[in-house]
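For reference, data-v3.csv (CSV, N, CA and C atoms):
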```csv
chain,number,residue,atom,x,y,z
A,1,MET,N,-45.7,10.7,-195.8
A,1,MET,CA,-46.7,11.2,-196.8
A,1,MET,C,-47.9,10.3,-196.6
A,2,GLY,N,-49.1,10.8,-196.7
A,2,GLY,CA,-50.3,10.1,-196.7
A,2,GLY,C,-51.5,11.0,-196.7
A,3,GLY,N,-52.6,10.4,-197.0
A,3,GLY,CA,-53.8,11.2,-197.0
A,3,GLY,C,-54.6,11.0,-198.3
A,4,ARG,N,-55.8,11.4,-198.3
A,4,ARG,CA,-56.7,11.2,-199.4
A,4,ARG,C,-57.2,12.6,-199.8
A,5,PHE,N,-57.0,12.9,-201.1
A,5,PHE,CA,-57.6,14.1,-201.7
A,5,PHE,C,-58.8,13.8,-202.5
A,6,VAL,N,-59.9,14.5,-202.3
A,6,VAL,CA,-61.1,14.2,-203.0
A,6,VAL,C,-61.4,15.3,-204.1
A,7,ASP,N,-61.7,14.8,-205.3
A,7,ASP,CA,-61.9,15.6,-206.5
A,7,ASP,C,-63.4,16.1,-206.5
A,8,THR,N,-63.6,17.1,-207.2
A,8,THR,CA,-65.0,17.7,-207.3
A,8,THR,C,-66.1,16.7,-207.7
A,9,ASN,N,-65.8,15.9,-208.7
A,9,ASN,CA,-66.8,15.0,-209.2
A,9,ASN,C,-67.4,14.1,-208.1
A,10,VAL,N,-66.6,13.7,-207.1
A,10,VAL,CA,-67.0,12.8,-206.0
A,10,VAL,C,-68.0,13.6,-205.2
A,11,LEU,N,-67.7,14.8,-204.9
A,11,LEU,CA,-68.7,15.7,-204.1
A,11,LEU,C,-70.0,15.9,-204.8
A,12,LEU,N,-69.9,16.1,-206.1
A,12,LEU,CA,-71.2,16.4,-206.9
A,12,LEU,C,-72.1,15.2,-206.9
A,13,TYR,N,-71.6,14.0,-206.8
A,13,TYR,CA,-72.5,12.8,-206.8
A,13,TYR,C,-73.4,12.8,-205.6
A,14,LEU,N,-73.0,13.5,-204.5
A,14,LEU,CA,-73.9,13.6,-203.3
A,14,LEU,C,-75.2,14.3,-203.6
A,15,ALA,N,-75.1,15.3,-204.6
A,15,ALA,CA,-76.3,16.1,-204.9
A,15,ALA,C,-76.9,15.6,-206.2
A,16,SER,N,-76.5,14.5,-206.7
A,16,SER,CA,-77.0,14.0,-208.0
A,16,SER,C,-78.2,13.1,-207.8
A,17,GLY,N,-78.8,12.7,-208.9
A,17,GLY,CA,-79.9,11.8,-208.8
A,17,GLY,C,-79.5,10.3,-208.9
A,18,ASP,N,-78.2,10.0,-209.0
A,18,ASP,CA,-77.7,8.7,-209.1
A,18,ASP,C,-77.4,8.1,-207.7
A,19,ALA,N,-78.4,7.4,-207.2
A,19,ALA,CA,-78.4,6.9,-205.8
A,19,ALA,C,-77.2,6.0,-205.5
A,20,GLU,N,-76.8,5.2,-206.5
A,20,GLU,CA,-75.7,4.2,-206.3
A,20,GLU,C,-74.4,5.0,-206.1
A,21,LYS,N,-74.2,6.0,-207.0
A,21,LYS,CA,-72.9,6.8,-206.9
A,21,LYS,C,-73.0,7.7,-205.7
A,22,ALA,N,-74.1,8.2,-205.4
A,22,ALA,CA,-74.3,9.1,-204.2
A,22,ALA,C,-73.9,8.3,-202.9
A,23,ASP,N,-74.3,7.1,-202.8
A,23,ASP,CA,-74.0,6.2,-201.7
A,23,ASP,C,-72.5,6.0,-201.6
A,24,ARG,N,-71.9,5.7,-202.8
A,24,ARG,CA,-70.4,5.5,-202.8
A,24,ARG,C,-69.7,6.8,-202.4
A,25,ALA,N,-70.1,7.9,-202.9
A,25,ALA,CA,-69.5,9.2,-202.6
A,25,ALA,C,-69.6,9.4,-201.1
A,26,GLU,N,-70.8,9.1,-200.5
A,26,GLU,CA,-71.0,9.3,-199.1
A,26,GLU,C,-70.0,8.4,-198.3
A,27,ALA,N,-69.8,7.2,-198.7
A,27,ALA,CA,-68.8,6.3,-198.1
A,27,ALA,C,-67.4,6.8,-198.2
A,28,VAL,N,-67.1,7.4,-199.3
A,28,VAL,CA,-65.7,8.0,-199.5
A,28,VAL,C,-65.5,9.2,-198.5
A,29,LEU,N,-66.5,10.0,-198.4
A,29,LEU,CA,-66.4,11.2,-197.5
A,29,LEU,C,-66.4,10.8,-196.0
A,30,ALA,N,-67.1,9.7,-195.7
A,30,ALA,CA,-67.1,9.3,-194.3
A,30,ALA,C,-65.7,8.9,-193.8
A,31,GLN,N,-64.8,8.6,-194.8
A,31,GLN,CA,-63.5,8.2,-194.4
A,31,GLN,C,-62.6,9.5,-194.2
A,32,GLY,N,-63.1,10.6,-194.5
A,32,GLY,CA,-62.4,11.9,-194.4
A,32,GLY,C,-61.5,12.1,-195.6
A,33,GLY,N,-60.8,13.3,-195.6
A,33,GLY,CA,-60.0,13.6,-196.7
A,33,GLY,C,-59.7,15.1,-196.8
A,34,ILE,N,-59.1,15.5,-197.9
A,34,ILE,CA,-58.7,16.8,-198.1
A,34,ILE,C,-59.2,17.3,-199.4
A,35,ILE,N,-59.6,18.6,-199.5
A,35,ILE,CA,-60.0,19.2,-200.7
A,35,ILE,C,-59.3,20.5,-200.8
A,36,SER,N,-59.4,21.2,-201.9
A,36,SER,CA,-58.8,22.6,-202.1
A,36,SER,C,-59.9,23.6,-202.3
A,37,VAL,N,-59.5,24.8,-202.2
A,37,VAL,CA,-60.5,25.9,-202.4
A,37,VAL,C,-61.0,25.8,-203.9
A,38,GLN,N,-60.2,25.3,-204.8
A,38,GLN,CA,-60.6,25.1,-206.2
A,38,GLN,C,-61.8,24.1,-206.2
A,39,VAL,N,-61.7,23.0,-205.5
A,39,VAL,CA,-62.8,22.0,-205.4
A,39,VAL,C,-64.1,22.7,-204.9
A,40,LEU,N,-64.0,23.5,-203.9
A,40,LEU,CA,-65.2,24.2,-203.4
A,40,LEU,C,-65.7,25.2,-204.5
A,41,ASN,N,-64.9,25.9,-205.2
A,41,ASN,CA,-65.3,26.8,-206.3
A,41,ASN,C,-66.0,26.0,-207.4
A,42,GLU,N,-65.4,24.9,-207.9
A,42,GLU,CA,-66.0,24.1,-208.9
A,42,GLU,C,-67.3,23.5,-208.5
A,43,THR,N,-67.4,23.1,-207.3
A,43,THR,CA,-68.6,22.5,-206.7
A,43,THR,C,-69.7,23.6,-206.7
A,44,ALA,N,-69.4,24.7,-206.2
A,44,ALA,CA,-70.4,25.8,-206.1
A,44,ALA,C,-70.9,26.2,-207.5
A,45,ASN,N,-70.0,26.2,-208.5
A,45,ASN,CA,-70.4,26.6,-209.9
A,45,ASN,C,-71.3,25.5,-210.4
A,46,VAL,N,-71.0,24.3,-210.3
A,46,VAL,CA,-71.9,23.2,-210.8
A,46,VAL,C,-73.3,23.2,-210.1
A,47,LEU,N,-73.2,23.3,-208.8
A,47,LEU,CA,-74.5,23.3,-208.0
A,47,LEU,C,-75.4,24.5,-208.5
A,48,ARG,N,-74.9,25.6,-208.7
A,48,ARG,CA,-75.7,26.8,-209.1
A,48,ARG,C,-76.1,26.7,-210.6
A,49,ARG,N,-75.1,26.5,-211.5
A,49,ARG,CA,-75.4,26.6,-212.9
A,49,ARG,C,-76.0,25.4,-213.5
A,50,LYS,N,-75.5,24.2,-213.2
A,50,LYS,CA,-76.0,23.0,-213.8
A,50,LYS,C,-77.2,22.4,-213.0
A,51,MET,N,-77.0,22.3,-211.7
A,51,MET,CA,-78.0,21.7,-210.9
A,51,MET,C,-79.1,22.6,-210.4
A,52,ARG,N,-78.8,23.9,-210.6
A,52,ARG,CA,-79.8,25.0,-210.3
A,52,ARG,C,-80.2,25.0,-208.8
A,53,LEU,N,-79.3,24.7,-207.9
A,53,LEU,CA,-79.6,24.8,-206.5
A,53,LEU,C,-79.7,26.3,-206.1
A,54,SER,N,-80.5,26.6,-205.1
A,54,SER,CA,-80.6,28.0,-204.6
A,54,SER,C,-79.3,28.3,-203.9
A,55,TRP,N,-79.1,29.6,-203.7
A,55,TRP,CA,-78.0,30.0,-202.9
A,55,TRP,C,-78.0,29.4,-201.5
A,56,PRO,N,-79.1,29.4,-200.8
A,56,PRO,CA,-79.1,28.8,-199.4
A,56,PRO,C,-78.7,27.3,-199.5
A,57,ASP,N,-79.3,26.6,-200.5
A,57,ASP,CA,-78.9,25.2,-200.6
A,57,ASP,C,-77.5,25.0,-201.0
A,58,THR,N,-77.0,25.8,-201.8
A,58,THR,CA,-75.6,25.7,-202.2
A,58,THR,C,-74.7,26.0,-201.0
A,59,ARG,N,-75.0,27.0,-200.2
A,59,ARG,CA,-74.2,27.3,-199.0
A,59,ARG,C,-74.3,26.2,-198.0
A,60,LEU,N,-75.4,25.6,-197.9
A,60,LEU,CA,-75.6,24.5,-196.9
A,60,LEU,C,-74.8,23.3,-197.4
A,61,PHE,N,-74.8,23.0,-198.6
A,61,PHE,CA,-74.0,21.9,-199.2
A,61,PHE,C,-72.5,22.1,-198.9
A,62,LEU,N,-72.0,23.3,-199.2
A,62,LEU,CA,-70.6,23.7,-199.1
A,62,LEU,C,-70.2,23.6,-197.6
A,63,ASP,N,-71.1,24.1,-196.7
A,63,ASP,CA,-70.8,24.0,-195.3
A,63,ASP,C,-70.7,22.6,-194.8
A,64,MET,N,-71.5,21.7,-195.3
A,64,MET,CA,-71.4,20.3,-195.0
A,64,MET,C,-70.1,19.7,-195.4
A,65,VAL,N,-69.7,20.0,-196.6
A,65,VAL,CA,-68.4,19.5,-197.2
A,65,VAL,C,-67.3,20.0,-196.3
A,66,ARG,N,-67.3,21.3,-196.0
A,66,ARG,CA,-66.2,21.9,-195.2
A,66,ARG,C,-66.1,21.3,-193.8
A,67,ALA,N,-67.3,20.8,-193.3
A,67,ALA,CA,-67.3,20.2,-192.0
A,67,ALA,C,-66.7,18.8,-192.0
A,68,LEU,N,-66.8,18.1,-193.2
A,68,LEU,CA,-66.3,16.8,-193.3
A,68,LEU,C,-64.9,16.7,-193.7
A,69,LEU,N,-64.4,17.6,-194.5
A,69,LEU,CA,-63.1,17.5,-195.1
A,69,LEU,C,-62.2,18.7,-194.8
A,70,THR,N,-60.9,18.5,-194.8
A,70,THR,CA,-60.0,19.6,-194.6
A,70,THR,C,-59.8,20.4,-195.9
A,71,VAL,N,-59.8,21.7,-195.8
A,71,VAL,CA,-59.7,22.5,-197.0
A,71,VAL,C,-58.3,23.2,-197.0
A,72,GLU,N,-57.6,22.9,-198.1
A,72,GLU,CA,-56.3,23.5,-198.3
A,72,GLU,C,-56.4,24.7,-199.3
A,73,PRO,N,-55.6,25.7,-199.0
A,73,PRO,CA,-55.6,26.9,-199.9
A,73,PRO,C,-54.9,26.6,-201.3
A,74,VAL,N,-55.2,27.4,-202.2
A,74,VAL,CA,-54.5,27.3,-203.5
A,74,VAL,C,-53.6,28.5,-203.5
A,75,THR,N,-52.3,28.2,-203.7
A,75,THR,CA,-51.3,29.2,-203.6
A,75,THR,C,-50.5,29.4,-205.0
A,76,GLN,N,-49.6,30.3,-205.0
A,76,GLN,CA,-48.8,30.4,-206.2
A,76,GLN,C,-48.0,29.2,-206.4
A,77,ALA,N,-47.5,28.6,-205.3
A,77,ALA,CA,-46.7,27.3,-205.4
A,77,ALA,C,-47.6,26.2,-206.0
A,78,THR,N,-48.9,26.2,-205.6
A,78,THR,CA,-49.8,25.2,-206.2
A,78,THR,C,-50.0,25.4,-207.7
A,79,HIS,N,-50.1,26.7,-208.1
A,79,HIS,CA,-50.2,27.0,-209.5
A,79,HIS,C,-49.0,26.6,-210.3
A,80,GLU,N,-47.8,26.8,-209.8
A,80,GLU,CA,-46.5,26.4,-210.4
A,80,GLU,C,-46.4,24.9,-210.5
A,81,THR,N,-46.8,24.2,-209.5
A,81,THR,CA,-46.8,22.8,-209.5
A,81,THR,C,-47.8,22.2,-210.5
A,82,GLY,N,-48.9,22.9,-210.5
A,82,GLY,CA,-50.0,22.5,-211.5
A,82,GLY,C,-49.5,22.6,-212.9
A,83,LEU,N,-48.8,23.7,-213.2
A,83,LEU,CA,-48.3,23.9,-214.6
A,83,LEU,C,-47.3,22.8,-215.0
A,84,ARG,N,-46.4,22.5,-214.0
A,84,ARG,CA,-45.5,21.4,-214.3
A,84,ARG,C,-46.2,20.0,-214.5
A,85,VAL,N,-47.2,19.8,-213.7
A,85,VAL,CA,-47.9,18.5,-213.8
A,85,VAL,C,-48.7,18.4,-215.1
A,86,SER,N,-49.3,19.5,-215.5
A,86,SER,CA,-50.0,19.6,-216.8
A,86,SER,C,-49.1,19.3,-217.9
A,87,GLU,N,-47.9,19.9,-217.9
A,87,GLU,CA,-47.0,19.7,-219.0
A,87,GLU,C,-46.4,18.3,-219.0
A,88,ARG,N,-46.1,17.8,-217.9
A,88,ARG,CA,-45.4,16.5,-217.8
A,88,ARG,C,-46.4,15.3,-218.1
A,89,TYR,N,-47.7,15.4,-217.6
A,89,TYR,CA,-48.6,14.3,-217.7
A,89,TYR,C,-49.7,14.5,-218.7
A,90,GLY,N,-49.7,15.7,-219.3
A,90,GLY,CA,-50.7,16.0,-220.3
A,90,GLY,C,-52.1,16.1,-219.8
A,91,LEU,N,-52.3,16.5,-218.5
A,91,LEU,CA,-53.6,16.7,-217.9
A,91,LEU,C,-54.0,18.1,-218.2
A,92,SER,N,-55.3,18.3,-218.2
A,92,SER,CA,-55.9,19.7,-218.4
A,92,SER,C,-55.4,20.5,-217.2
A,93,ILE,N,-55.3,21.8,-217.4
A,93,ILE,CA,-54.9,22.7,-216.4
A,93,ILE,C,-55.7,22.5,-215.1
A,94,TYR,N,-57.0,22.4,-215.2
A,94,TYR,CA,-57.8,22.3,-214.0
A,94,TYR,C,-57.6,21.0,-213.3
A,95,ASP,N,-57.4,19.9,-214.0
A,95,ASP,CA,-57.1,18.6,-213.4
A,95,ASP,C,-55.7,18.7,-212.7
A,96,ALA,N,-54.8,19.3,-213.4
A,96,ALA,CA,-53.4,19.4,-212.9
A,96,ALA,C,-53.4,20.3,-211.6
A,97,MET,N,-54.2,21.3,-211.5
A,97,MET,CA,-54.3,22.1,-210.3
A,97,MET,C,-54.8,21.2,-209.1
A,98,ILE,N,-55.8,20.3,-209.4
A,98,ILE,CA,-56.3,19.4,-208.4
A,98,ILE,C,-55.1,18.5,-207.9
A,99,VAL,N,-54.4,17.9,-208.9
A,99,VAL,CA,-53.3,17.1,-208.6
A,99,VAL,C,-52.2,17.9,-207.8
A,100,ALA,N,-51.9,19.1,-208.2
A,100,ALA,CA,-51.0,19.9,-207.5
A,100,ALA,C,-51.4,20.1,-206.0
A,101,ALA,N,-52.6,20.4,-205.8
A,101,ALA,CA,-53.1,20.7,-204.5
A,101,ALA,C,-53.0,19.4,-203.6
A,102,ALA,N,-53.3,18.2,-204.2
A,102,ALA,CA,-53.1,17.0,-203.5
A,102,ALA,C,-51.6,16.7,-203.2
A,103,LEU,N,-50.7,17.0,-204.1
A,103,LEU,CA,-49.3,16.9,-203.9
A,103,LEU,C,-48.8,17.8,-202.8
A,104,MET,N,-49.3,19.1,-202.8
A,104,MET,CA,-48.9,20.1,-201.8
A,104,MET,C,-49.4,19.7,-200.4
A,105,ALA,N,-50.5,19.0,-200.4
A,105,ALA,CA,-51.1,18.6,-199.1
A,105,ALA,C,-50.5,17.3,-198.6
A,106,GLY,N,-49.6,16.7,-199.4
A,106,GLY,CA,-48.9,15.5,-198.9
A,106,GLY,C,-49.8,14.2,-199.1
A,107,CYS,N,-50.8,14.3,-199.9
A,107,CYS,CA,-51.6,13.1,-200.1
A,107,CYS,C,-50.9,12.0,-201.0
A,108,ASP,N,-51.3,10.8,-200.8
A,108,ASP,CA,-50.8,9.7,-201.6
A,108,ASP,C,-51.9,9.1,-202.5
A,109,ILE,N,-53.2,9.5,-202.2
A,109,ILE,CA,-54.3,9.0,-203.0
A,109,ILE,C,-55.2,10.2,-203.5
A,110,LEU,N,-55.5,10.2,-204.7
A,110,LEU,CA,-56.5,11.2,-205.3
A,110,LEU,C,-57.7,10.5,-205.7
A,111,ILE,N,-58.8,10.7,-205.0
A,111,ILE,CA,-60.1,10.1,-205.3
A,111,ILE,C,-60.8,10.9,-206.4
A,112,SER,N,-60.9,10.3,-207.6
A,112,SER,CA,-61.4,11.0,-208.8
A,112,SER,C,-62.0,10.0,-209.8
A,113,GLU,N,-63.1,10.4,-210.4
A,113,GLU,CA,-63.6,9.7,-211.5
A,113,GLU,C,-63.1,10.2,-212.8
A,114,ASP,N,-62.6,11.4,-212.9
A,114,ASP,CA,-62.3,12.1,-214.1
A,114,ASP,C,-60.9,11.7,-214.6
A,115,MET,N,-60.0,11.3,-213.8
A,115,MET,CA,-58.6,11.0,-214.2
A,115,MET,C,-58.4,9.5,-214.3
A,116,GLN,N,-57.4,9.1,-215.0
A,116,GLN,CA,-57.1,7.7,-215.3
A,116,GLN,C,-56.9,6.9,-214.0
A,117,ASP,N,-57.7,6.0,-213.7
A,117,ASP,CA,-57.6,5.1,-212.5
A,117,ASP,C,-56.3,4.4,-212.5
A,118,GLY,N,-55.6,4.5,-211.4
A,118,GLY,CA,-54.3,3.9,-211.2
A,118,GLY,C,-53.1,4.7,-211.7
A,119,LEU,N,-53.3,5.9,-212.3
A,119,LEU,CA,-52.2,6.7,-212.7
A,119,LEU,C,-51.4,7.1,-211.5
A,120,ILE,N,-50.1,7.0,-211.6
A,120,ILE,CA,-49.2,7.4,-210.5
A,120,ILE,C,-48.5,8.7,-211.0
A,121,ILE,N,-48.6,9.7,-210.1
A,121,ILE,CA,-48.0,11.0,-210.4
A,121,ILE,C,-46.9,11.3,-209.5
A,122,ASP,N,-45.7,11.7,-210.0
A,122,ASP,CA,-44.5,12.0,-209.3
A,122,ASP,C,-44.1,10.9,-208.3
A,123,GLU,N,-44.4,9.7,-208.7
A,123,GLU,CA,-44.1,8.5,-207.9
A,123,GLU,C,-44.6,8.5,-206.5
A,124,CYS,N,-45.7,9.3,-206.2
A,124,CYS,CA,-46.2,9.3,-204.8
A,124,CYS,C,-47.7,9.5,-204.7
A,125,LEU,N,-48.3,9.9,-205.8
A,125,LEU,CA,-49.8,10.1,-205.8
A,125,LEU,C,-50.5,9.2,-206.8
A,126,ARG,N,-51.4,8.4,-206.3
A,126,ARG,CA,-52.1,7.5,-207.1
A,126,ARG,C,-53.6,7.9,-207.3
A,127,VAL,N,-54.0,8.0,-208.5
A,127,VAL,CA,-55.5,8.3,-208.8
A,127,VAL,C,-56.3,7.0,-208.6
A,128,SER,N,-57.4,7.1,-207.8
A,128,SER,CA,-58.2,6.0,-207.5
A,128,SER,C,-59.7,6.4,-207.8
A,129,ASN,N,-60.3,5.6,-208.7
A,129,ASN,CA,-61.7,5.9,-209.1
A,129,ASN,C,-62.6,5.0,-208.2
A,130,PRO,N,-63.4,5.6,-207.3
A,130,PRO,CA,-64.2,4.8,-206.4
A,130,PRO,C,-65.4,4.3,-207.1
A,131,PHE,N,-65.7,4.7,-208.3
A,131,PHE,CA,-66.9,4.2,-209.0
A,131,PHE,C,-66.5,3.2,-210.1
A,132,ALA,N,-65.3,2.8,-210.2
A,132,ALA,CA,-64.8,1.9,-211.2
A,132,ALA,C,-65.6,0.6,-211.3
A,133,GLU,N,-66.0,0.0,-210.1
A,133,GLU,CA,-66.7,-1.2,-210.1
A,133,GLU,C,-68.2,-1.1,-210.4
A,134,LEU,N,-68.7,0.1,-210.4
A,134,LEU,CA,-70.2,0.3,-210.5
A,134,LEU,C,-70.6,0.1,-212.0
```
Translate this file's structure into structure tokens.
Amino acid sequence: MGGRFVDTNVLLYLASGDAEKADRAEAVLAQGGIISVQVLNETANVLRRKMRLSWPDTRLFLDMVRALLTVEPVTQATHETGLRVSERYGLSIYDAMIVAAALMAGCDILISEDMQDGLIIDECLRVSNPFAEL
């Protein structure tokens, strides 16, 4: 097992006005990693609705992300794993689906600002907040 799964919030800092967090997010992505289709969907939603990016800019951003990171599908097995994770760890359904995708991809690190830094899930996946020291 091994690999790094990147949560939506890390990607969104690339398009934010926070230069320090954008630089940290860029460093995280430079090391490679895995995302799920859910991460792409959440990113597109925030880019369009909250950041008000145009469709061409949104597509360009998503193309860049897909070029840097491996994209894993969300399956019924991912959904079932996410439900179990949500129930066991008390995570929101959406966070649990991110965790499930990371587990299904065989990752041992989940890079996220939104979940508890250091949380160990199923004795094999550790949440790591790359912005903790900022």
Residues flagged strand (DSSP E or B) by DSSP in stretch 27-134 of chain A, as a PyMOL selection string: chain A and resi 34-36+70-72+109-111+120-121+125-128
Selection near A:Val74, 7 Å with all atoms listed in the file, sequence-local residues under 5 positions removed, as a list in words: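 Using all atoms listed in the file, the neighbours found are Ser36, Val37, Gln38, His79 and Ala101 of chain A.
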Best match for closeness to A:Ala102 among A:Thr43, A:Ile35, A:Asp57, A:Ala15, counting all atoms listed in the file: A:Ile35
Residue contacts of stretch 112-124 of chain A (8 Å, all atoms listed in the file) excluding same-chain residues fewer than 6 positions away, as a list in words: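 Counting all atoms listed in the file, the residues come to Phe5, Val6, Asp7, Thr8, Asn9, Val10, Asp95, Leu103, Gly106, Pro130, Phe131 and Ala132 of chain A.
Atom to atom, atom C of A:Gly90 and atom CA of A:Ile109 stand 18.4 Å apart.
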Top pick for closest residue to A:Ile111, considering A:Leu62, A:Leu29, A:Ala19, A:Trp55 and counting only C-alpha atoms: A:Leu29
Shortest interatomic distance to A:Val46 - which of A:Ile93, A:Val85, A:Leu12, A:Val71, counting only C-alpha atoms: A:Leu12
Close residues, A:Arg84 itself excluded, 9 Å, only C-alpha atoms, min 5 positions apart in chain, as a list in words: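 That gives His79, Tyr89, Ala96 and Ala100 of chain A.
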Spatial neighbours of A:Ala25, max dist 6.5 Å, all atoms listed in the file, sep filter under 2 positions, as a list of chain:residue names: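 Residues meeting the cut-off are A:Val10, A:Leu11, A:Tyr13, A:Leu14, A:Glu20, A:Lys21, A:Ala22, A:Asp23, A:Ala27, A:Val28, A:Leu29, A:Ala30.
Atom C of A:Leu69 lies 15.2 Å from atom N of A:Met104.
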Interatomic distance, atom CA of A:Ala44 to atom CA of A:Glu72 (Å, one decimal):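 So the answer is 16.3 Å.
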Of the listed residues A:Leu91, A:Thr58, A:Leu110, A:Ser86, that which approaches A:Glu42 most closely, counting only C-alpha atoms: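 Nearest candidate to A:Glu42 out of A:Leu91, A:Thr58, A:Leu110, A:Ser86: A:Thr58.
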Best match for closeness to A:Glu26 among A:Arg88, A:Leu68, A:Met51, A:Arg59, counting only C-alpha atoms: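 Counting only C-alpha atoms, the residue closest to A:Glu26 is A:Leu68.
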